[in-house]
Every structure is written in structure tokens, then in C-alpha cells.
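Visitor: If it helps, the file is called input-v7.cif and holds mmCIF, N, CA and C atoms:
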data_target
#
loop_
_atom_site.group_PDB
_atom_site.id
_atom_site.type_symbol
_atom_site.label_atom_id
_atom_site.label_comp_id
_atom_site.auth_asym_id
_atom_site.auth_seq_id
_atom_site.Cartn_x
_atom_site.Cartn_y
_atom_site.Cartn_z
ATOM 1 N N MET A 1 123.836 112.771 -0.214
ATOM 2 C CA MET A 1 122.606 112.807 -0.977
ATOM 3 C C MET A 1 122.863 112.166 -2.336
ATOM 4 N N SER A 2 122.023 111.241 -2.750
ATOM 5 C CA SER A 2 122.158 110.560 -4.033
ATOM 6 C C SER A 2 120.879 110.714 -4.832
ATOM 7 N N SER A 3 121.014 110.589 -6.109
ATOM 8 C CA SER A 3 119.848 110.613 -6.984
ATOM 9 C C SER A 3 119.786 109.290 -7.721
ATOM 10 N N ALA A 4 118.782 109.127 -8.573
ATOM 11 C CA ALA A 4 118.635 107.894 -9.352
ATOM 12 C C ALA A 4 119.799 107.719 -10.328
ATOM 13 N N TYR A 5 120.529 108.806 -10.615
ATOM 14 C CA TYR A 5 121.632 108.762 -11.574
ATOM 15 C C TYR A 5 122.987 108.705 -10.895
ATOM 16 N N GLY A 6 123.033 108.473 -9.601
ATOM 17 C CA GLY A 6 124.308 108.410 -8.888
ATOM 18 C C GLY A 6 124.454 109.622 -8.002
ATOM 19 N N ASP A 7 125.683 110.007 -7.752
ATOM 20 C CA ASP A 7 125.974 111.134 -6.876
ATOM 21 C C ASP A 7 125.432 112.429 -7.485
ATOM 22 N N ALA A 8 124.605 113.132 -6.744
ATOM 23 C CA ALA A 8 123.981 114.362 -7.236
ATOM 24 C C ALA A 8 125.006 115.472 -7.441
ATOM 25 N N TYR A 9 126.177 115.350 -6.804
ATOM 26 C CA TYR A 9 127.176 116.415 -6.890
ATOM 27 C C TYR A 9 128.372 116.056 -7.767
ATOM 28 N N ALA A 10 128.306 114.945 -8.446
ATOM 29 C CA ALA A 10 129.411 114.553 -9.324
ATOM 30 C C ALA A 10 129.458 115.497 -10.519
ATOM 31 N N VAL A 11 130.637 116.020 -10.781
ATOM 32 C CA VAL A 11 130.818 116.959 -11.879
ATOM 33 C C VAL A 11 131.953 116.456 -12.756
ATOM 34 N N LYS A 12 131.728 116.433 -14.040
ATOM 35 C CA LYS A 12 132.769 116.045 -14.984
ATOM 36 C C LYS A 12 133.248 117.310 -15.678
ATOM 37 N N MET A 13 134.537 117.573 -15.601
ATOM 38 C CA MET A 13 135.091 118.780 -16.200
ATOM 39 C C MET A 13 136.114 118.404 -17.266
ATOM 40 N N THR A 14 136.095 119.141 -18.336
ATOM 41 C CA THR A 14 137.068 118.973 -19.404
ATOM 42 C C THR A 14 137.566 120.346 -19.804
ATOM 43 N N SER A 15 138.858 120.500 -19.937
ATOM 44 C CA SER A 15 139.431 121.769 -20.353
ATOM 45 C C SER A 15 139.216 121.931 -21.853
ATOM 46 N N GLY A 16 138.640 123.053 -22.261
ATOM 47 C CA GLY A 16 138.352 123.255 -23.672
ATOM 48 C C GLY A 16 138.655 124.658 -24.132
ATOM 49 N N VAL A 17 138.612 124.834 -25.428
ATOM 50 C CA VAL A 17 138.872 126.116 -26.071
ATOM 51 C C VAL A 17 137.679 126.443 -26.963
ATOM 52 N N LEU A 18 137.171 127.653 -26.843
ATOM 53 C CA LEU A 18 136.079 128.099 -27.703
ATOM 54 C C LEU A 18 136.666 128.531 -29.036
ATOM 55 N N VAL A 19 136.213 127.905 -30.108
ATOM 56 C CA VAL A 19 136.686 128.214 -31.461
ATOM 57 C C VAL A 19 135.589 128.966 -32.188
ATOM 58 N N THR A 20 135.948 130.104 -32.774
ATOM 59 C CA THR A 20 135.032 130.880 -33.600
ATOM 60 C C THR A 20 135.514 130.765 -35.046
ATOM 61 N N CYS A 21 134.622 130.366 -35.939
ATOM 62 C CA CYS A 21 134.994 130.197 -37.339
ATOM 63 C C CYS A 21 133.759 130.382 -38.216
ATOM 64 N N ASP A 22 133.982 130.489 -39.519
ATOM 65 C CA ASP A 22 132.826 130.588 -40.420
ATOM 66 C C ASP A 22 132.196 129.206 -40.558
ATOM 67 N N SER A 23 131.031 129.162 -41.151
ATOM 68 C CA SER A 23 130.288 127.901 -41.218
ATOM 69 C C SER A 23 131.016 126.847 -42.064
ATOM 70 N N ALA A 24 131.751 127.268 -43.105
ATOM 71 C CA ALA A 24 132.485 126.300 -43.932
ATOM 72 C C ALA A 24 133.601 125.634 -43.129
ATOM 73 N N ALA A 25 134.374 126.422 -42.392
ATOM 74 C CA ALA A 25 135.446 125.865 -41.563
ATOM 75 C C ALA A 25 134.860 124.978 -40.473
ATOM 76 N N LYS A 26 133.726 125.375 -39.925
ATOM 77 C CA LYS A 26 133.091 124.568 -38.881
ATOM 78 C C LYS A 26 132.692 123.206 -39.435
ATOM 79 N N GLN A 27 132.154 123.166 -40.635
ATOM 80 C CA GLN A 27 131.759 121.894 -41.240
ATOM 81 C C GLN A 27 132.970 120.993 -41.470
ATOM 82 N N ILE A 28 134.090 121.586 -41.854
ATOM 83 C CA ILE A 28 135.316 120.803 -42.028
ATOM 84 C C ILE A 28 135.744 120.218 -40.684
ATOM 85 N N LEU A 29 135.710 121.022 -39.628
ATOM 86 C CA LEU A 29 136.085 120.539 -38.300
ATOM 87 C C LEU A 29 135.157 119.425 -37.829
ATOM 88 N N LEU A 30 133.856 119.576 -38.070
ATOM 89 C CA LEU A 30 132.909 118.526 -37.690
ATOM 90 C C LEU A 30 133.201 117.231 -38.438
ATOM 91 N N HIS A 31 133.537 117.356 -39.721
ATOM 92 C CA HIS A 31 133.876 116.179 -40.522
ATOM 93 C C HIS A 31 135.159 115.510 -40.007
ATOM 94 N N LEU A 32 136.184 116.324 -39.715
ATOM 95 C CA LEU A 32 137.436 115.777 -39.201
ATOM 96 C C LEU A 32 137.205 115.044 -37.880
ATOM 97 N N ASP A 33 136.384 115.623 -37.016
ATOM 98 C CA ASP A 33 136.103 114.984 -35.725
ATOM 99 C C ASP A 33 135.332 113.683 -35.908
ATOM 100 N N SER A 34 134.384 113.668 -36.840
ATOM 101 C CA SER A 34 133.567 112.466 -37.040
ATOM 102 C C SER A 34 134.384 111.303 -37.611
ATOM 103 N N SER A 35 135.518 111.605 -38.232
ATOM 104 C CA SER A 35 136.355 110.546 -38.800
ATOM 105 C C SER A 35 137.297 109.929 -37.760
ATOM 106 N N ARG A 36 137.275 110.438 -36.536
ATOM 107 C CA ARG A 36 138.127 109.919 -35.455
ATOM 108 C C ARG A 36 137.345 108.981 -34.557
ATOM 109 N N GLU A 37 138.078 108.171 -33.813
ATOM 110 C CA GLU A 37 137.474 107.178 -32.923
ATOM 111 C C GLU A 37 137.704 107.546 -31.462
ATOM 112 N N GLY A 38 136.724 107.354 -30.630
ATOM 113 C CA GLY A 38 136.819 107.407 -29.172
ATOM 114 C C GLY A 38 137.608 108.550 -28.584
ATOM 115 N N LEU A 39 138.695 108.230 -27.913
ATOM 116 C CA LEU A 39 139.494 109.231 -27.207
ATOM 117 C C LEU A 39 140.191 110.210 -28.138
ATOM 118 N N TYR A 40 140.259 109.893 -29.422
ATOM 119 C CA TYR A 40 140.940 110.759 -30.375
ATOM 120 C C TYR A 40 140.035 111.853 -30.930
ATOM 121 N N LYS A 41 138.766 111.832 -30.563
ATOM 122 C CA LYS A 41 137.854 112.905 -30.972
ATOM 123 C C LYS A 41 138.249 114.170 -30.227
ATOM 124 N N PHE A 42 138.181 115.318 -30.898
ATOM 125 C CA PHE A 42 138.615 116.564 -30.283
ATOM 126 C C PHE A 42 137.466 117.496 -29.921
ATOM 127 N N MET A 43 136.305 117.277 -30.464
ATOM 128 C CA MET A 43 135.195 118.194 -30.209
ATOM 129 C C MET A 43 134.501 117.870 -28.888
ATOM 130 N N ILE A 44 134.264 118.901 -28.091
ATOM 131 C CA ILE A 44 133.526 118.748 -26.843
ATOM 132 C C ILE A 44 132.065 119.118 -27.061
ATOM 133 N N ARG A 45 131.821 120.257 -27.726
ATOM 134 C CA ARG A 45 130.445 120.702 -27.913
ATOM 135 C C ARG A 45 130.318 121.566 -29.166
ATOM 136 N N ASP A 46 129.241 121.363 -29.901
ATOM 137 C CA ASP A 46 128.843 122.202 -31.025
ATOM 138 C C ASP A 46 127.925 123.267 -30.429
ATOM 139 N N VAL A 47 128.420 124.498 -30.316
ATOM 140 C CA VAL A 47 127.707 125.551 -29.592
ATOM 141 C C VAL A 47 126.625 126.200 -30.452
ATOM 142 N N ASP A 48 127.002 126.720 -31.608
ATOM 143 C CA ASP A 48 126.045 127.344 -32.519
ATOM 144 C C ASP A 48 126.633 127.351 -33.930
ATOM 145 N N GLU A 49 126.128 128.210 -34.806
ATOM 146 C CA GLU A 49 126.536 128.195 -36.219
ATOM 147 C C GLU A 49 128.017 128.493 -36.437
ATOM 148 N N THR A 50 128.627 129.248 -35.534
ATOM 149 C CA THR A 50 130.012 129.666 -35.749
ATOM 150 C C THR A 50 130.944 129.347 -34.575
ATOM 151 N N HIS A 51 130.495 128.532 -33.629
ATOM 152 C CA HIS A 51 131.321 128.236 -32.457
ATOM 153 C C HIS A 51 131.332 126.746 -32.114
ATOM 154 N N LEU A 52 132.513 126.281 -31.731
ATOM 155 C CA LEU A 52 132.720 124.920 -31.240
ATOM 156 C C LEU A 52 133.599 125.009 -29.999
ATOM 157 N N ILE A 53 133.474 124.042 -29.116
ATOM 158 C CA ILE A 53 134.425 123.915 -28.021
ATOM 159 C C ILE A 53 135.200 122.638 -28.281
ATOM 160 N N ILE A 54 136.532 122.775 -28.342
ATOM 161 C CA ILE A 54 137.389 121.623 -28.605
ATOM 162 C C ILE A 54 138.333 121.402 -27.426
ATOM 163 N N LYS A 55 138.857 120.184 -27.326
ATOM 164 C CA LYS A 55 139.808 119.850 -26.264
ATOM 165 C C LYS A 55 141.092 120.657 -26.457
ATOM 166 N N ARG A 56 141.540 121.240 -25.367
ATOM 167 C CA ARG A 56 142.716 122.121 -25.393
ATOM 168 C C ARG A 56 143.950 121.444 -25.997
ATOM 169 N N GLU A 57 144.153 120.176 -25.700
ATOM 170 C CA GLU A 57 145.375 119.501 -26.157
ATOM 171 C C GLU A 57 145.422 119.281 -27.670
ATOM 172 N N TYR A 58 144.309 119.492 -28.365
ATOM 173 C CA TYR A 58 144.263 119.283 -29.814
ATOM 174 C C TYR A 58 144.334 120.579 -30.626
ATOM 175 N N VAL A 59 144.479 121.723 -29.977
ATOM 176 C CA VAL A 59 144.416 123.012 -30.687
ATOM 177 C C VAL A 59 145.435 123.093 -31.822
ATOM 178 N N ASP A 60 146.699 122.820 -31.548
ATOM 179 C CA ASP A 60 147.729 122.942 -32.590
ATOM 180 C C ASP A 60 147.498 121.950 -33.727
ATOM 181 N N GLU A 61 147.135 120.730 -33.380
ATOM 182 C CA GLU A 61 146.871 119.716 -34.402
ATOM 183 C C GLU A 61 145.685 120.120 -35.277
ATOM 184 N N ILE A 62 144.640 120.659 -34.670
ATOM 185 C CA ILE A 62 143.445 121.066 -35.411
ATOM 186 C C ILE A 62 143.766 122.227 -36.348
ATOM 187 N N LYS A 63 144.589 123.162 -35.898
ATOM 188 C CA LYS A 63 144.998 124.278 -36.766
ATOM 189 C C LYS A 63 145.675 123.752 -38.026
ATOM 190 N N GLU A 64 146.588 122.795 -37.844
ATOM 191 C CA GLU A 64 147.298 122.228 -38.989
ATOM 192 C C GLU A 64 146.362 121.459 -39.915
ATOM 193 N N LEU A 65 145.492 120.630 -39.338
ATOM 194 C CA LEU A 65 144.548 119.854 -40.153
ATOM 195 C C LEU A 65 143.613 120.768 -40.930
ATOM 196 N N LEU A 66 143.115 121.806 -40.282
ATOM 197 C CA LEU A 66 142.203 122.734 -40.949
ATOM 198 C C LEU A 66 142.928 123.471 -42.069
ATOM 199 N N GLN A 67 144.154 123.912 -41.813
ATOM 200 C CA GLN A 67 144.931 124.597 -42.847
ATOM 201 C C GLN A 67 145.151 123.679 -44.049
ATOM 202 N N ASP A 68 145.489 122.415 -43.801
ATOM 203 C CA ASP A 68 145.684 121.449 -44.896
ATOM 204 C C ASP A 68 144.407 121.284 -45.719
ATOM 205 N N GLU A 69 143.267 121.159 -45.044
ATOM 206 C CA GLU A 69 141.991 120.995 -45.752
ATOM 207 C C GLU A 69 141.646 122.245 -46.555
ATOM 208 N N LEU A 70 141.875 123.413 -45.994
ATOM 209 C CA LEU A 70 141.570 124.657 -46.710
ATOM 210 C C LEU A 70 142.470 124.815 -47.930
ATOM 211 N N GLU A 71 143.723 124.402 -47.816
ATOM 212 C CA GLU A 71 144.634 124.489 -48.965
ATOM 213 C C GLU A 71 144.225 123.537 -50.075
ATOM 214 N N LYS A 72 143.677 122.382 -49.738
ATOM 215 C CA LYS A 72 143.197 121.433 -50.746
ATOM 216 C C LYS A 72 142.062 122.036 -51.560
ATOM 217 N N ASN A 73 141.293 122.907 -50.942
ATOM 218 C CA ASN A 73 140.111 123.474 -51.582
ATOM 219 C C ASN A 73 140.332 124.889 -52.102
ATOM 220 N N THR A 74 141.591 125.309 -52.204
ATOM 221 C CA THR A 74 141.901 126.642 -52.701
ATOM 222 C C THR A 74 142.209 126.561 -54.189
ATOM 223 N N TYR A 75 141.537 127.399 -54.953
ATOM 224 C CA TYR A 75 141.749 127.434 -56.402
ATOM 225 C C TYR A 75 143.001 128.261 -56.702
ATOM 226 N N ILE A 76 143.917 127.681 -57.480
ATOM 227 C CA ILE A 76 145.097 128.392 -57.922
ATOM 228 C C ILE A 76 145.075 128.375 -59.441
ATOM 229 N N GLN A 77 145.025 129.577 -60.020
ATOM 230 C CA GLN A 77 144.954 129.664 -61.472
ATOM 231 C C GLN A 77 146.287 129.282 -62.094
ATOM 232 N N ASP A 78 146.206 128.520 -63.164
ATOM 233 C CA ASP A 78 147.388 128.121 -63.909
ATOM 234 C C ASP A 78 147.945 129.351 -64.616
ATOM 235 N N PRO A 79 149.208 129.716 -64.373
ATOM 236 C CA PRO A 79 149.787 130.908 -64.996
ATOM 237 C C PRO A 79 149.916 130.792 -66.510
ATOM 238 N N ASN A 80 149.813 129.593 -67.060
ATOM 239 C CA ASN A 80 149.939 129.382 -68.493
ATOM 240 C C ASN A 80 148.634 129.646 -69.236
ATOM 241 N N LEU A 81 147.563 129.950 -68.490
ATOM 242 C CA LEU A 81 146.270 130.200 -69.153
ATOM 243 C C LEU A 81 146.098 131.642 -69.497
#
Could you quickly redo this structure as C-alpha cells?

Guide:
Amino acid sequence: MSSAYGDAYAVKMTSGVLVTCDSAAKQILLHLDSSREGLYKFMIRDVDETHLIIKREYVDEIKELLQDELEKNTYIQDPNL
């Protein structure tokens, strides 16, 4: 059985991980993904305000990238003040 779009039973599957985070971290992840090209993109689906599904093979890399971005935006008071 075929449809106008090809095989009616063709299924594309991708292994992913559901990520739960606050909206600020989610925006950072969306920005990081948008700066990548083609196969190097890690996001599979933007689920809702606090959830994303990302490719399983990028989990460790994404943790490191997110930690680096969060550290850049962390205020550290100068002890000399």
C-alpha cells in the first residue's frame, strides 16, 4: 500500500533523550543548536517550555557546552570590593 507521500508504513526513528531544564537553560540550548550546521545539530524536538528531545550521542557534549555558557553568565563578586 502506498500513499502520495511514498510508503505509508515508512517510519523514521531517532534515539533521543528527554531533557528537562528551566526556560533560561532551554534558550541557551536552542541558541547552541541554531549555531550548528546540518548533521551537527543535536536537537530533535522542542517539546514545551521546559523540555527538549536531543540526540543521545550529544548528551555529554551538551552538558559541557551548557556548563560553559552558564559559567560565562555567573556573577562573581570581586573580593577587593

Visitor: What is the distance, in Å and to one decimal place, between atom N of A:Glu64 and atom N of A:Val19?

Guide: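 Rounded to one decimal, the two atoms are 13.9 Å apart.
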
Visitor: Using the chain letters and numbers from this document, which residues of chain A does DSSP assign to strand (DSSP E or B), as a VMD selection string?

Guide: chain A and resid 2 to 3 6 to 7 16 to 20 43 to 48 51 to 55

Visitor: Spell out the residues picked by the PyMOL selection byres (((chain A and resi 56 and name CA) around 10) and name CA) here, as JSON, numbers by chain.

Guide: {"A": [14, 15, 16, 17, 18, 42, 43, 44, 53, 54, 55, 57, 58, 59, 60]}

Visitor: So that I can check the secondary structure, give me every residue of chain A assigned alpha helix (DSSP H) by backbone DSSP, as a PyMOL selection string.

Guide: chain A and resi 23-34+59-72

Visitor: Residues near stretch 20-29 of chain A, anyone? I mean within 7 Å using only N, CA and C atoms, not counting same-chain ones fewer than 6 positions away, as a PDB file with N, CA and C atoms, in the coordinates of the input.

Guide:
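Okay, around-v6.pdb is ready:
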ATOM      1  N   GLU A  49     126.128 128.210 -34.806  1.00  0.00           N
ATOM      2  CA  GLU A  49     126.536 128.195 -36.219  1.00  0.00           C
ATOM      3  C   GLU A  49     128.017 128.493 -36.437  1.00  0.00           C
ATOM      4  N   THR A  50     128.627 129.248 -35.534  1.00  0.00           N
ATOM      5  CA  THR A  50     130.012 129.666 -35.749  1.00  0.00           C
ATOM      6  C   THR A  50     130.944 129.347 -34.575  1.00  0.00           C
ATOM      7  N   HIS A  51     130.495 128.532 -33.629  1.00  0.00           N
ATOM      8  CA  HIS A  51     131.321 128.236 -32.457  1.00  0.00           C
ATOM      9  C   HIS A  51     131.332 126.746 -32.114  1.00  0.00           C
ATOM     10  N   LEU A  52     132.513 126.281 -31.731  1.00  0.00           N
ATOM     11  CA  LEU A  52     132.720 124.920 -31.240  1.00  0.00           C
ATOM     12  C   LEU A  52     133.599 125.009 -29.999  1.00  0.00           C
ATOM     13  N   LEU A  66     143.115 121.806 -40.282  1.00  0.00           N
ATOM     14  CA  LEU A  66     142.203 122.734 -40.949  1.00  0.00           C
ATOM     15  C   LEU A  66     142.928 123.471 -42.069  1.00  0.00           C
TER      16      LEU A  66
END

Visitor: Go ahead and compute the interatomic distance for atom CA of A:Ser35 and atom CA of A:Lys63, in Å to one decimal.

Guide: 16.4 Å

Visitor: How many Å separate atom CA of A:Tyr40 from atom CA of A:Glu71?

Guide: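 Taking atom CA of A:Tyr40 and atom CA of A:Glu71, their separation equals 23.4 Å.
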
Visitor: Would you mind putting back all heavy atoms on stretch 32-43 of chain A, then writing it out as a PDB file, keeping the file's coordinate frame?

Guide:
ATOM      1  N   LEU A  32     136.184 116.324 -39.715  1.00  0.00           N
ATOM      2  CA  LEU A  32     137.436 115.777 -39.201  1.00  0.00           C
ATOM      3  C   LEU A  32     137.205 115.044 -37.880  1.00  0.00           C
ATOM      4  O   LEU A  32     137.749 113.960 -37.660  1.00  0.00           O
ATOM      5  CB  LEU A  32     138.471 116.895 -39.004  1.00  0.00           C
ATOM      6  CG  LEU A  32     139.032 117.525 -40.277  1.00  0.00           C
ATOM      7  CD1 LEU A  32     139.859 118.760 -39.929  1.00  0.00           C
ATOM      8  CD2 LEU A  32     139.861 116.521 -41.048  1.00  0.00           C
ATOM      9  N   ASP A  33     136.384 115.623 -37.016  1.00  0.00           N
ATOM     10  CA  ASP A  33     136.103 114.984 -35.725  1.00  0.00           C
ATOM     11  C   ASP A  33     135.332 113.683 -35.908  1.00  0.00           C
ATOM     12  O   ASP A  33     135.613 112.695 -35.242  1.00  0.00           O
ATOM     13  CB  ASP A  33     135.328 115.934 -34.819  1.00  0.00           C
ATOM     14  CG  ASP A  33     135.137 115.364 -33.426  1.00  0.00           C
ATOM     15  OD1 ASP A  33     136.150 115.159 -32.722  1.00  0.00           O
ATOM     16  OD2 ASP A  33     133.982 115.124 -33.033  1.00  0.00           O
ATOM     17  N   SER A  34     134.384 113.668 -36.840  1.00  0.00           N
ATOM     18  CA  SER A  34     133.567 112.466 -37.040  1.00  0.00           C
ATOM     19  C   SER A  34     134.384 111.303 -37.611  1.00  0.00           C
ATOM     20  O   SER A  34     133.991 110.151 -37.469  1.00  0.00           O
ATOM     21  CB  SER A  34     132.378 112.765 -37.951  1.00  0.00           C
ATOM     22  OG  SER A  34     132.802 113.003 -39.271  1.00  0.00           O
ATOM     23  N   SER A  35     135.518 111.605 -38.232  1.00  0.00           N
ATOM     24  CA  SER A  35     136.355 110.546 -38.800  1.00  0.00           C
ATOM     25  C   SER A  35     137.297 109.929 -37.760  1.00  0.00           C
ATOM     26  O   SER A  35     138.023 108.986 -38.074  1.00  0.00           O
ATOM     27  CB  SER A  35     137.161 111.087 -39.977  1.00  0.00           C
ATOM     28  OG  SER A  35     138.105 112.039 -39.535  1.00  0.00           O
ATOM     29  N   ARG A  36     137.275 110.438 -36.536  1.00  0.00           N
ATOM     30  CA  ARG A  36     138.127 109.919 -35.455  1.00  0.00           C
ATOM     31  C   ARG A  36     137.345 108.981 -34.557  1.00  0.00           C
ATOM     32  O   ARG A  36     136.131 109.023 -34.519  1.00  0.00           O
ATOM     33  CB  ARG A  36     138.677 111.077 -34.626  1.00  0.00           C
ATOM     34  CG  ARG A  36     139.643 111.918 -35.420  1.00  0.00           C
ATOM     35  CD  ARG A  36     140.025 113.156 -34.646  1.00  0.00           C
ATOM     36  NE  ARG A  36     141.143 113.801 -35.284  1.00  0.00           N
ATOM     37  CZ  ARG A  36     142.307 114.028 -34.695  1.00  0.00           C
ATOM     38  NH1 ARG A  36     142.497 113.701 -33.443  1.00  0.00           N
ATOM     39  NH2 ARG A  36     143.278 114.601 -35.355  1.00  0.00           N
ATOM     40  N   GLU A  37     138.078 108.171 -33.813  1.00  0.00           N
ATOM     41  CA  GLU A  37     137.474 107.178 -32.923  1.00  0.00           C
ATOM     42  C   GLU A  37     137.704 107.546 -31.462  1.00  0.00           C
ATOM     43  O   GLU A  37     138.781 108.003 -31.094  1.00  0.00           O
ATOM     44  CB  GLU A  37     138.099 105.807 -33.172  1.00  0.00           C
ATOM     45  CG  GLU A  37     137.929 105.285 -34.577  1.00  0.00           C
ATOM     46  CD  GLU A  37     136.635 104.533 -34.767  1.00  0.00           C
ATOM     47  OE1 GLU A  37     136.105 104.014 -33.777  1.00  0.00           O
ATOM     48  OE2 GLU A  37     136.175 104.463 -35.913  1.00  0.00           O
ATOM     49  N   GLY A  38     136.724 107.354 -30.630  1.00  0.00           N
ATOM     50  CA  GLY A  38     136.819 107.407 -29.172  1.00  0.00           C
ATOM     51  C   GLY A  38     137.608 108.550 -28.584  1.00  0.00           C
ATOM     52  O   GLY A  38     137.260 109.714 -28.740  1.00  0.00           O
ATOM     53  N   LEU A  39     138.695 108.230 -27.913  1.00  0.00           N
ATOM     54  CA  LEU A  39     139.494 109.231 -27.207  1.00  0.00           C
ATOM     55  C   LEU A  39     140.191 110.210 -28.138  1.00  0.00           C
ATOM     56  O   LEU A  39     140.675 111.245 -27.699  1.00  0.00           O
ATOM     57  CB  LEU A  39     140.542 108.545 -26.328  1.00  0.00           C
ATOM     58  CG  LEU A  39     140.004 107.704 -25.175  1.00  0.00           C
ATOM     59  CD1 LEU A  39     141.140 106.983 -24.466  1.00  0.00           C
ATOM     60  CD2 LEU A  39     139.222 108.561 -24.199  1.00  0.00           C
ATOM     61  N   TYR A  40     140.259 109.893 -29.422  1.00  0.00           N
ATOM     62  CA  TYR A  40     140.940 110.759 -30.375  1.00  0.00           C
ATOM     63  C   TYR A  40     140.035 111.853 -30.930  1.00  0.00           C
ATOM     64  O   TYR A  40     140.477 112.700 -31.693  1.00  0.00           O
ATOM     65  CB  TYR A  40     141.546 109.938 -31.507  1.00  0.00           C
ATOM     66  CG  TYR A  40     142.564 108.948 -30.996  1.00  0.00           C
ATOM     67  CD1 TYR A  40     142.258 107.602 -30.901  1.00  0.00           C
ATOM     68  CD2 TYR A  40     143.808 109.381 -30.569  1.00  0.00           C
ATOM     69  CE1 TYR A  40     143.188 106.693 -30.405  1.00  0.00           C
ATOM     70  CE2 TYR A  40     144.746 108.486 -30.072  1.00  0.00           C
ATOM     71  CZ  TYR A  40     144.427 107.147 -29.987  1.00  0.00           C
ATOM     72  OH  TYR A  40     145.344 106.253 -29.492  1.00  0.00           O
ATOM     73  N   LYS A  41     138.766 111.832 -30.563  1.00  0.00           N
ATOM     74  CA  LYS A  41     137.854 112.905 -30.972  1.00  0.00           C
ATOM     75  C   LYS A  41     138.249 114.170 -30.227  1.00  0.00           C
ATOM     76  O   LYS A  41     138.644 114.119 -29.068  1.00  0.00           O
ATOM     77  CB  LYS A  41     136.412 112.538 -30.674  1.00  0.00           C
ATOM     78  CG  LYS A  41     135.887 111.440 -31.590  1.00  0.00           C
ATOM     79  CD  LYS A  41     134.400 111.264 -31.379  1.00  0.00           C
ATOM     80  CE  LYS A  41     133.828 110.341 -32.417  1.00  0.00           C
ATOM     81  NZ  LYS A  41     133.746 110.929 -33.747  1.00  0.00           N
ATOM     82  N   PHE A  42     138.181 115.318 -30.898  1.00  0.00           N
ATOM     83  CA  PHE A  42     138.615 116.564 -30.283  1.00  0.00           C
ATOM     84  C   PHE A  42     137.466 117.496 -29.921  1.00  0.00           C
ATOM     85  O   PHE A  42     137.639 118.412 -29.137  1.00  0.00           O
ATOM     86  CB  PHE A  42     139.611 117.307 -31.185  1.00  0.00           C
ATOM     87  CG  PHE A  42     139.086 117.607 -32.562  1.00  0.00           C
ATOM     88  CD1 PHE A  42     138.278 118.694 -32.801  1.00  0.00           C
ATOM     89  CD2 PHE A  42     139.417 116.780 -33.622  1.00  0.00           C
ATOM     90  CE1 PHE A  42     137.806 118.968 -34.078  1.00  0.00           C
ATOM     91  CE2 PHE A  42     138.952 117.040 -34.899  1.00  0.00           C
ATOM     92  CZ  PHE A  42     138.143 118.141 -35.128  1.00  0.00           C
ATOM     93  N   MET A  43     136.305 117.277 -30.464  1.00  0.00           N
ATOM     94  CA  MET A  43     135.195 118.194 -30.209  1.00  0.00           C
ATOM     95  C   MET A  43     134.501 117.870 -28.888  1.00  0.00           C
ATOM     96  O   MET A  43     134.189 116.712 -28.618  1.00  0.00           O
ATOM     97  CB  MET A  43     134.174 118.154 -31.340  1.00  0.00           C
ATOM     98  CG  MET A  43     133.179 119.296 -31.243  1.00  0.00           C
ATOM     99  SD  MET A  43     132.079 119.389 -32.643  1.00  0.00           S
ATOM    100  CE  MET A  43     130.958 118.091 -32.243  1.00  0.00           C
TER     101      MET A  43
END
